[in-house]
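Structure file protein.tsv (TSV, C-alpha atoms) follows.
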chain	number	residue	atom	x	y	z
A	1	MET	CA	23.78	-4.78	21.24
A	2	ILE	CA	24.97	-5.67	17.74
A	3	GLU	CA	26.20	-2.71	15.67
A	4	TYR	CA	25.15	-2.95	12.04
A	5	LYS	CA	27.18	-0.94	9.51
A	6	TYR	CA	25.65	-2.00	6.21
A	7	ILE	CA	22.04	-2.94	6.96
A	8	TYR	CA	19.51	-0.68	8.65
A	9	GLY	CA	15.85	-0.52	9.63
A	10	PRO	CA	13.43	-2.05	9.04
A	11	VAL	CA	11.60	1.23	8.38
A	12	PRO	CA	7.96	1.76	7.44
A	13	SER	CA	7.82	2.56	3.72
A	14	TRP	CA	4.73	3.84	1.92
A	15	ARG	CA	5.95	1.96	-1.16
A	16	LEU	CA	7.35	-1.24	0.34
A	17	GLY	CA	5.74	-1.81	3.72
A	18	SER	CA	8.38	-2.96	6.23
A	19	SER	CA	11.68	-2.33	4.45
A	20	LEU	CA	15.11	-3.51	5.62
A	21	GLY	CA	17.78	-1.39	3.96
A	22	ILE	CA	21.15	-2.43	2.56
A	23	ASP	CA	23.69	0.31	1.90
A	24	LEU	CA	26.46	-0.84	-0.48
A	25	LEU	CA	28.13	2.58	-0.27
A	26	SER	CA	28.11	3.06	3.51
A	27	GLN	CA	30.37	6.09	3.65
A	28	LYS	CA	30.04	9.02	6.01
A	29	GLU	CA	29.36	11.27	3.04
A	30	LYS	CA	26.76	10.74	0.36
A	31	ILE	CA	28.19	9.24	-2.84
A	32	CYS	CA	26.07	10.11	-5.84
A	33	ASN	CA	26.00	11.35	-9.42
A	34	PHE	CA	23.00	13.62	-8.69
A	35	ASP	CA	22.62	16.58	-6.36
A	36	CYS	CA	18.82	16.73	-6.23
A	37	VAL	CA	17.33	19.94	-4.87
A	38	TYR	CA	15.13	17.94	-2.47
A	39	CYS	CA	17.66	15.36	-1.21
A	40	GLN	CA	17.20	14.71	2.51
A	41	LEU	CA	20.86	13.65	2.77
A	42	GLY	CA	22.06	17.16	1.99
A	43	PRO	CA	24.37	18.40	-0.79
A	44	THR	CA	26.45	15.92	-2.79
A	45	LYS	CA	30.09	16.43	-1.91
A	46	LYS	CA	31.40	13.30	-3.57
A	47	TYR	CA	30.22	13.42	-7.18
A	48	THR	CA	31.17	10.37	-9.22
A	49	VAL	CA	30.09	8.22	-12.15
A	50	GLU	CA	32.69	5.54	-11.42
A	51	ARG	CA	31.32	2.16	-10.39
A	52	LYS	CA	33.48	0.42	-7.81
A	53	ILE	CA	33.22	-1.86	-4.79
A	54	TYR	CA	32.73	0.02	-1.53
A	55	VAL	CA	31.42	-2.79	0.69
A	56	PRO	CA	32.30	-6.50	0.29
A	57	VAL	CA	29.24	-8.68	-0.21
A	58	GLU	CA	30.47	-11.04	2.52
A	59	LYS	CA	30.14	-8.24	5.11
A	60	VAL	CA	26.51	-7.68	4.16
A	61	ILE	CA	25.68	-11.39	4.34
A	62	GLU	CA	27.48	-11.62	7.69
A	63	GLU	CA	25.27	-8.87	9.13
A	64	LEU	CA	22.11	-10.41	7.69
A	65	GLY	CA	23.05	-13.62	9.49
A	66	LYS	CA	22.95	-11.75	12.81
A	67	LEU	CA	19.54	-10.22	12.13
A	68	PRO	CA	16.96	-11.02	14.83
A	69	GLY	CA	13.52	-12.24	13.86
A	70	THR	CA	11.49	-9.26	12.65
A	71	ASN	CA	8.74	-8.50	10.16
A	72	ILE	CA	10.24	-7.62	6.75
A	73	ASP	CA	8.28	-7.16	3.51
A	74	TYR	CA	11.24	-6.15	1.31
A	75	ILE	CA	15.01	-6.06	1.55
A	76	THR	CA	15.87	-2.81	-0.18
A	77	PHE	CA	19.13	-1.61	-1.71
A	78	SER	CA	19.22	2.12	-1.02
A	79	GLY	CA	21.21	4.20	1.47
A	80	ARG	CA	23.59	7.14	1.30
A	81	GLY	CA	23.75	7.65	-2.44
A	82	GLU	CA	23.02	5.90	-5.73
A	83	PRO	CA	23.15	2.09	-5.24
A	84	THR	CA	24.06	1.32	-8.87
A	85	LEU	CA	27.43	3.02	-8.25
A	86	ALA	CA	28.32	-0.15	-6.32
A	87	ALA	CA	29.99	-2.42	-8.88
A	88	ASN	CA	28.97	-5.51	-6.89
A	89	LEU	CA	25.24	-4.71	-6.79
A	90	GLY	CA	24.27	-7.72	-8.89
A	91	GLU	CA	26.50	-10.04	-6.86
A	92	ALA	CA	24.96	-8.69	-3.66
A	93	ILE	CA	21.38	-9.16	-4.85
A	94	LYS	CA	22.07	-12.79	-5.80
A	95	ALA	CA	23.84	-13.46	-2.49
A	96	VAL	CA	20.98	-12.00	-0.45
A	97	LYS	CA	18.49	-14.12	-2.41
A	98	LEU	CA	20.42	-17.24	-1.39
A	99	SER	CA	20.36	-16.29	2.30
A	100	ARG	CA	16.90	-14.67	2.75
A	101	LYS	CA	13.37	-15.42	1.60
A	102	GLU	CA	12.14	-11.80	1.29
A	103	PRO	CA	11.81	-10.14	-2.14
A	104	ILE	CA	14.52	-7.68	-3.17
A	105	ALA	CA	13.88	-4.05	-4.13
A	106	VAL	CA	16.30	-1.48	-5.55
A	107	LEU	CA	15.69	2.27	-5.38
A	108	THR	CA	17.67	3.94	-8.18
A	109	ASN	CA	17.90	7.41	-9.65
A	110	SER	CA	17.99	5.71	-13.09
A	111	SER	CA	21.15	7.55	-14.14
A	112	LEU	CA	23.17	4.42	-14.97
A	113	MET	CA	20.39	2.29	-16.45
A	114	GLU	CA	21.75	3.18	-19.88
A	115	LEU	CA	24.63	0.79	-19.12
A	116	ASP	CA	24.10	-2.80	-20.21
A	117	GLU	CA	26.02	-4.07	-17.17
A	118	VAL	CA	23.75	-2.18	-14.76
A	119	ARG	CA	20.57	-3.46	-16.41
A	120	LYS	CA	21.91	-7.02	-16.21
A	121	GLU	CA	22.50	-6.58	-12.47
A	122	LEU	CA	19.16	-4.93	-11.73
A	123	ILE	CA	17.31	-7.71	-13.51
A	124	TRP	CA	17.99	-9.97	-10.48
A	125	ALA	CA	15.83	-7.74	-8.25
A	126	ASP	CA	12.13	-8.45	-7.75
A	127	PHE	CA	11.13	-4.79	-7.66
A	128	VAL	CA	12.99	-1.85	-9.21
A	129	VAL	CA	11.87	1.69	-8.39
A	130	ALA	CA	13.30	4.02	-11.05
A	131	LYS	CA	13.28	7.74	-10.41
A	132	LEU	CA	12.20	10.17	-13.13
A	133	ASP	CA	11.75	13.71	-11.79
A	134	ALA	CA	12.61	15.43	-15.06
A	135	TYR	CA	10.90	15.58	-18.45
A	136	SER	CA	13.65	17.39	-20.40
A	137	PRO	CA	17.39	18.10	-20.32
A	138	GLU	CA	16.67	21.50	-18.79
A	139	SER	CA	14.49	20.15	-15.98
A	140	LEU	CA	17.07	17.44	-15.25
A	141	ARG	CA	19.70	20.12	-14.67
A	142	GLU	CA	17.29	22.20	-12.59
A	143	ILE	CA	15.91	19.43	-10.33
A	144	ASN	CA	18.47	16.59	-10.24
A	145	ARG	CA	21.66	18.54	-11.03
A	146	PRO	CA	23.60	15.54	-12.38
A	147	VAL	CA	27.35	15.20	-12.76
A	148	GLU	CA	28.61	16.19	-16.20
A	149	GLY	CA	28.02	13.51	-18.82
A	150	ILE	CA	24.65	12.25	-17.61
A	151	GLU	CA	21.98	13.10	-20.18
A	152	PHE	CA	18.19	13.07	-19.96
A	153	GLY	CA	17.76	11.06	-23.17
A	154	SER	CA	20.10	8.33	-21.92
A	155	ILE	CA	18.17	8.04	-18.65
A	156	LEU	CA	14.86	7.75	-20.47
A	157	GLU	CA	16.08	5.16	-22.96
A	158	GLY	CA	17.86	3.24	-20.21
A	159	ILE	CA	14.63	2.78	-18.25
A	160	LYS	CA	12.78	1.87	-21.44
A	161	ALA	CA	15.40	-0.73	-22.41
A	162	PHE	CA	15.33	-2.23	-18.92
A	163	LYS	CA	11.55	-2.58	-18.92
A	164	LYS	CA	11.64	-4.44	-22.23
A	165	ASN	CA	13.46	-7.47	-20.77
A	166	TYR	CA	12.57	-7.24	-17.07
A	167	LYS	CA	10.34	-9.96	-15.61
A	168	GLY	CA	9.95	-8.31	-12.20
A	169	LYS	CA	7.96	-5.24	-11.17
A	170	LEU	CA	9.11	-1.83	-12.40
A	171	ALA	CA	7.84	1.34	-10.76
A	172	LEU	CA	8.40	4.86	-12.01
A	173	GLN	CA	8.81	7.25	-9.11
A	174	ILE	CA	8.24	10.96	-9.72
A	175	MET	CA	9.02	13.57	-7.09
A	176	PHE	CA	6.56	16.40	-7.60
A	177	MET	CA	7.25	19.92	-6.36
A	178	ASP	CA	6.70	23.50	-7.51
A	179	ASN	CA	9.42	23.05	-10.17
A	180	ASN	CA	7.50	20.39	-12.13
A	181	LYS	CA	3.89	20.29	-10.88
A	182	ASN	CA	2.60	22.13	-13.94
A	183	ASP	CA	4.17	19.62	-16.34
A	184	VAL	CA	2.04	16.58	-15.47
A	185	ASN	CA	1.06	15.95	-19.10
A	186	LYS	CA	4.72	15.65	-20.07
A	187	PHE	CA	5.25	13.02	-17.38
A	188	ILE	CA	2.13	11.16	-18.47
A	189	TYR	CA	3.54	11.05	-22.00
A	190	LEU	CA	6.85	9.64	-20.71
A	191	ALA	CA	5.07	7.11	-18.51
A	192	ASN	CA	3.10	5.85	-21.50
A	193	TYR	CA	6.36	5.57	-23.43
A	194	ILE	CA	8.10	3.53	-20.70
A	195	LYS	CA	5.01	1.51	-19.68
A	196	PRO	CA	5.94	0.78	-16.03
A	197	ASP	CA	3.92	-1.59	-13.87
A	198	GLU	CA	3.41	1.11	-11.26
A	199	ILE	CA	3.66	4.89	-10.96
A	200	GLN	CA	4.61	6.36	-7.58
A	201	LEU	CA	3.82	10.02	-6.88
A	202	ASN	CA	6.14	11.35	-4.22
A	203	ILE	CA	6.80	14.68	-2.51
A	204	PRO	CA	9.77	15.85	-0.39
A	205	LEU	CA	8.34	15.23	3.08
A	206	ARG	CA	11.65	15.04	4.94
A	207	SER	CA	13.59	18.18	5.83
A	208	CYS	CA	15.32	19.46	2.70
A	209	GLY	CA	14.36	23.08	2.06
A	210	VAL	CA	11.81	22.26	-0.67
A	211	LYS	CA	8.17	22.78	0.26
A	212	PRO	CA	6.00	19.67	-0.23
A	213	LEU	CA	2.86	19.89	-2.33
A	214	ALA	CA	-0.48	19.67	-0.53
A	215	ARG	CA	-2.61	16.54	-0.48
A	216	GLU	CA	-5.15	18.18	-2.82
A	217	GLU	CA	-2.47	18.96	-5.42
A	218	ILE	CA	-1.19	15.38	-5.46
A	219	ALA	CA	-4.75	14.04	-5.65
A	220	LYS	CA	-5.32	16.16	-8.77
A	221	ILE	CA	-2.05	14.94	-10.30
A	222	LYS	CA	-2.98	11.35	-9.52
A	223	ASP	CA	-6.37	11.78	-11.21
A	224	GLY	CA	-4.58	13.06	-14.31
A	225	PHE	CA	-2.36	9.97	-14.49
A	226	THR	CA	-5.21	7.57	-13.72
A	227	SER	CA	-7.38	8.94	-16.53
A	228	VAL	CA	-4.69	8.27	-19.14
A	229	CYS	CA	-2.37	5.51	-17.87
A	230	LYS	CA	-4.85	2.66	-18.01
A	231	GLY	CA	-3.96	-0.59	-16.28
A	232	VAL	CA	-1.03	0.91	-14.36
A	233	ASN	CA	-1.06	0.72	-10.57
A	234	MET	CA	-1.04	4.26	-9.11
A	235	VAL	CA	0.19	5.05	-5.60
A	236	SER	CA	0.94	8.31	-3.84
A	237	VAL	CA	2.68	9.23	-0.63
A	238	TYR	CA	-0.66	10.58	0.62
A	239	ASP	CA	-2.60	7.35	0.10
A	240	GLU	CA	-4.13	5.98	3.28
A	241	ARG	CA	-2.53	2.74	4.44
A	242	LYS	CA	-2.40	0.76	7.65
A	243	GLU	CA	0.84	1.31	9.52
A	244	LYS	CA	2.62	-1.78	10.81
A	245	ASP	CA	4.40	-2.16	14.12
A	246	ILE	CA	8.01	-2.40	13.03
A	247	LEU	CA	10.91	-3.24	15.33
A	248	SER	CA	14.05	-1.56	13.99
A	249	ILE	CA	17.59	-2.81	14.57
A	250	SER	CA	18.94	0.72	13.99
A	251	ASP	CA	19.09	3.68	16.33
A	252	GLU	CA	17.60	7.04	15.35
A	253	ASP	CA	20.98	8.55	14.48
A	254	THR	CA	21.70	5.77	11.96
A	255	LEU	CA	18.30	6.23	10.33
A	256	LYS	CA	18.78	10.01	10.17
A	257	ARG	CA	22.15	9.64	8.44
A	258	ARG	CA	20.48	7.48	5.82
A	259	GLY	CA	17.58	9.91	5.44
A	260	LYS	CA	14.95	7.54	6.80
A	261	VAL	CA	13.47	9.76	9.51
A	262	LYS	CA	12.45	13.39	9.52
Kindly transcribe the structure held in the file into structure tokens.
Amino acid sequence: MIEYKYIYGPVPSWRLGSSLGIDLLSQKEKICNFDCVYCQLGPTKKYTVERKIYVPVEKVIEELGKLPGTNIDYITFSGRGEPTLAANLGEAIKAVKLSRKEPIAVLTNSSLMELDEVRKELIWADFVVAKLDAYSPESLREINRPVEGIEFGSILEGIKAFKKNYKGKLALQIMFMDNNKNDVNKFIYLANYIKPDEIQLNIPLRSCGVKPLAREEIAKIKDGFTSVCKGVNMVSVYDERKEKDILSISDEDTLKRRGKVK
């Protein structure tokens, strides 16, 4: 059996269908600039804002070349931490596009989208899912607990600037929980400011110590967005969808370490 270090899945994703993951960090410990209260990977022990190369692009392409035939809707840059901390993210996206036919998605916490270099790299992806769990500097510190130097205003303007020149699909992902469920109108205001193509309403379903909101609460939140954000595709983690039969190349332990199973 082939052991894959940098690619994993495919896993069933409520946002992306059958998603094959690429982890450009691939360390035993999570590498991130956030320590979100709901993170299924556990506490952030390696806080950093430094972008550097952790995994050579050639290693990723080598593993993709060994991939057996399987149903994949998206190849997704995610994994054990914030993918934009990988300084070769743009190079990796372009290399994968040359070797595979599937569209490329990137799941980011949006913290580095203020950087021109990061926006130029993300622009190569077909689908960017940008997280926005906070609506103010105070809520950012409470929910996402960023490393010092990351500011709410910079995150917001970074997403806005990216959307202005991006030709692909931009989704705004909001993780709703007790901390922010009563501030829906503030998020609606921010969504109308950014003007994403899609809004994704998420809850912490995997084990993390934060209680997920009920289906009825998310349905009410979704109705609030739908009534104001006209023409924007709305999806929620509770939406009914047909599950696909997905053959994974990864064992359960690998998926657990990357937070992809409960």
I'd like to know which of A:Asp178, A:Glu82, A:Glu58, A:Asp223 is closest to Cys32 in chain A, using only C-alpha atoms. A:Glu82
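Checking A:Gly231, A:Pro196, A:Gly21, A:Gly81 one by one against Cys39 in chain A, counting only C-alpha atoms, you find the shortest gap at A:Gly81.
Look at Glu29 in chain A: the protein and nucleic acid residues within 10 Å of it, using only C-alpha atoms and passing over chain neighbours fewer than 5 places away, are Leu41, Gly42, Pro43, Thr44, Lys45, Lys46, Arg80, Gly81 and Arg257 of chain A.
The interatomic distance for the pair CA of Asn88 in chain A and CA of Leu122 in chain A works out to 11.0 Å.
All residues of protein, DNA or RNA that reach within 9 Å of Val128 in chain A, judged by all atoms listed in the file and not counting those fewer than 3 positions away in the chain, are Ile104, Ala105, Val106, Leu107, Thr108, Leu122, Ile123, Ala125, Gly168, Lys169, Leu170, Ala171 and Leu172 of chain A.
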Set the distance at 7 Å and use all atoms listed in the file: which residues neighbour Tyr6 in chain A once local chain neighbours fewer than 5 positions away are removed? I'd like the list as a CSV table (one decimal) with C-alpha atoms, keeping the file's coordinate frame.
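Result file is out-v4.csv:
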chain,number,residue,atom,x,y,z
A,22,ILE,CA,21.2,-2.4,2.6
A,23,ASP,CA,23.7,0.3,1.9
A,24,LEU,CA,26.5,-0.8,-0.5
A,26,SER,CA,28.1,3.1,3.5
A,60,VAL,CA,26.5,-7.7,4.2
Close residues, Ala95 in chain A itself excluded, 10 Å, only C-alpha atoms, min 3 positions apart in chain, as a PDB file with C-alpha atoms, in the frame of the given file:
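Final output, saved to around-v2.pdb:
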ATOM      1  CA  VAL A  57      29.240  -8.680  -0.210  1.00  0.00           C
ATOM      2  CA  GLU A  58      30.470 -11.040   2.520  1.00  0.00           C
ATOM      3  CA  VAL A  60      26.510  -7.680   4.160  1.00  0.00           C
ATOM      4  CA  ILE A  61      25.680 -11.390   4.340  1.00  0.00           C
ATOM      5  CA  LEU A  89      25.240  -4.710  -6.790  1.00  0.00           C
ATOM      6  CA  GLY A  90      24.270  -7.720  -8.890  1.00  0.00           C
ATOM      7  CA  GLU A  91      26.500 -10.040  -6.860  1.00  0.00           C
ATOM      8  CA  ALA A  92      24.960  -8.690  -3.660  1.00  0.00           C
ATOM      9  CA  LEU A  98      20.420 -17.240  -1.390  1.00  0.00           C
ATOM     10  CA  SER A  99      20.360 -16.290   2.300  1.00  0.00           C
ATOM     11  CA  ARG A 100      16.900 -14.670   2.750  1.00  0.00           C
TER      12      ARG A 100
END
Got a sec: who's within 12 Å of Leu156 in chain A, counting all atoms listed in the file, leaving out chain neighbours fewer than 6 positions off, as a count of residues only? 27
Could you check the closest approach to Asn71 in chain A for each of A:Val232, A:Ile188, A:Cys208, A:Val11 and tell me which residue wins, using all atoms listed in the file? A:Val11
Between CA of Asn165 in chain A and CA of Trp124 in chain A, what is the distance, to one decimal in Å? 11.5 Å
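Nearest-residue note for Val129 in chain A: choosing from A:Ile31, A:Ile174, A:Leu213, A:Ile93, the minimum distance belongs to A:Ile174, counting all atoms listed in the file.
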Would you mind reading off the distance between CA of Gly153 in chain A and CA of Leu85 in chain A, one decimal, in Å? 19.5 Å
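Proximity of A:Glu198, A:Ala86, A:Arg206, A:Ile2 to Lys230 in chain A, computed with all atoms listed in the file, is greatest for A:Glu198.
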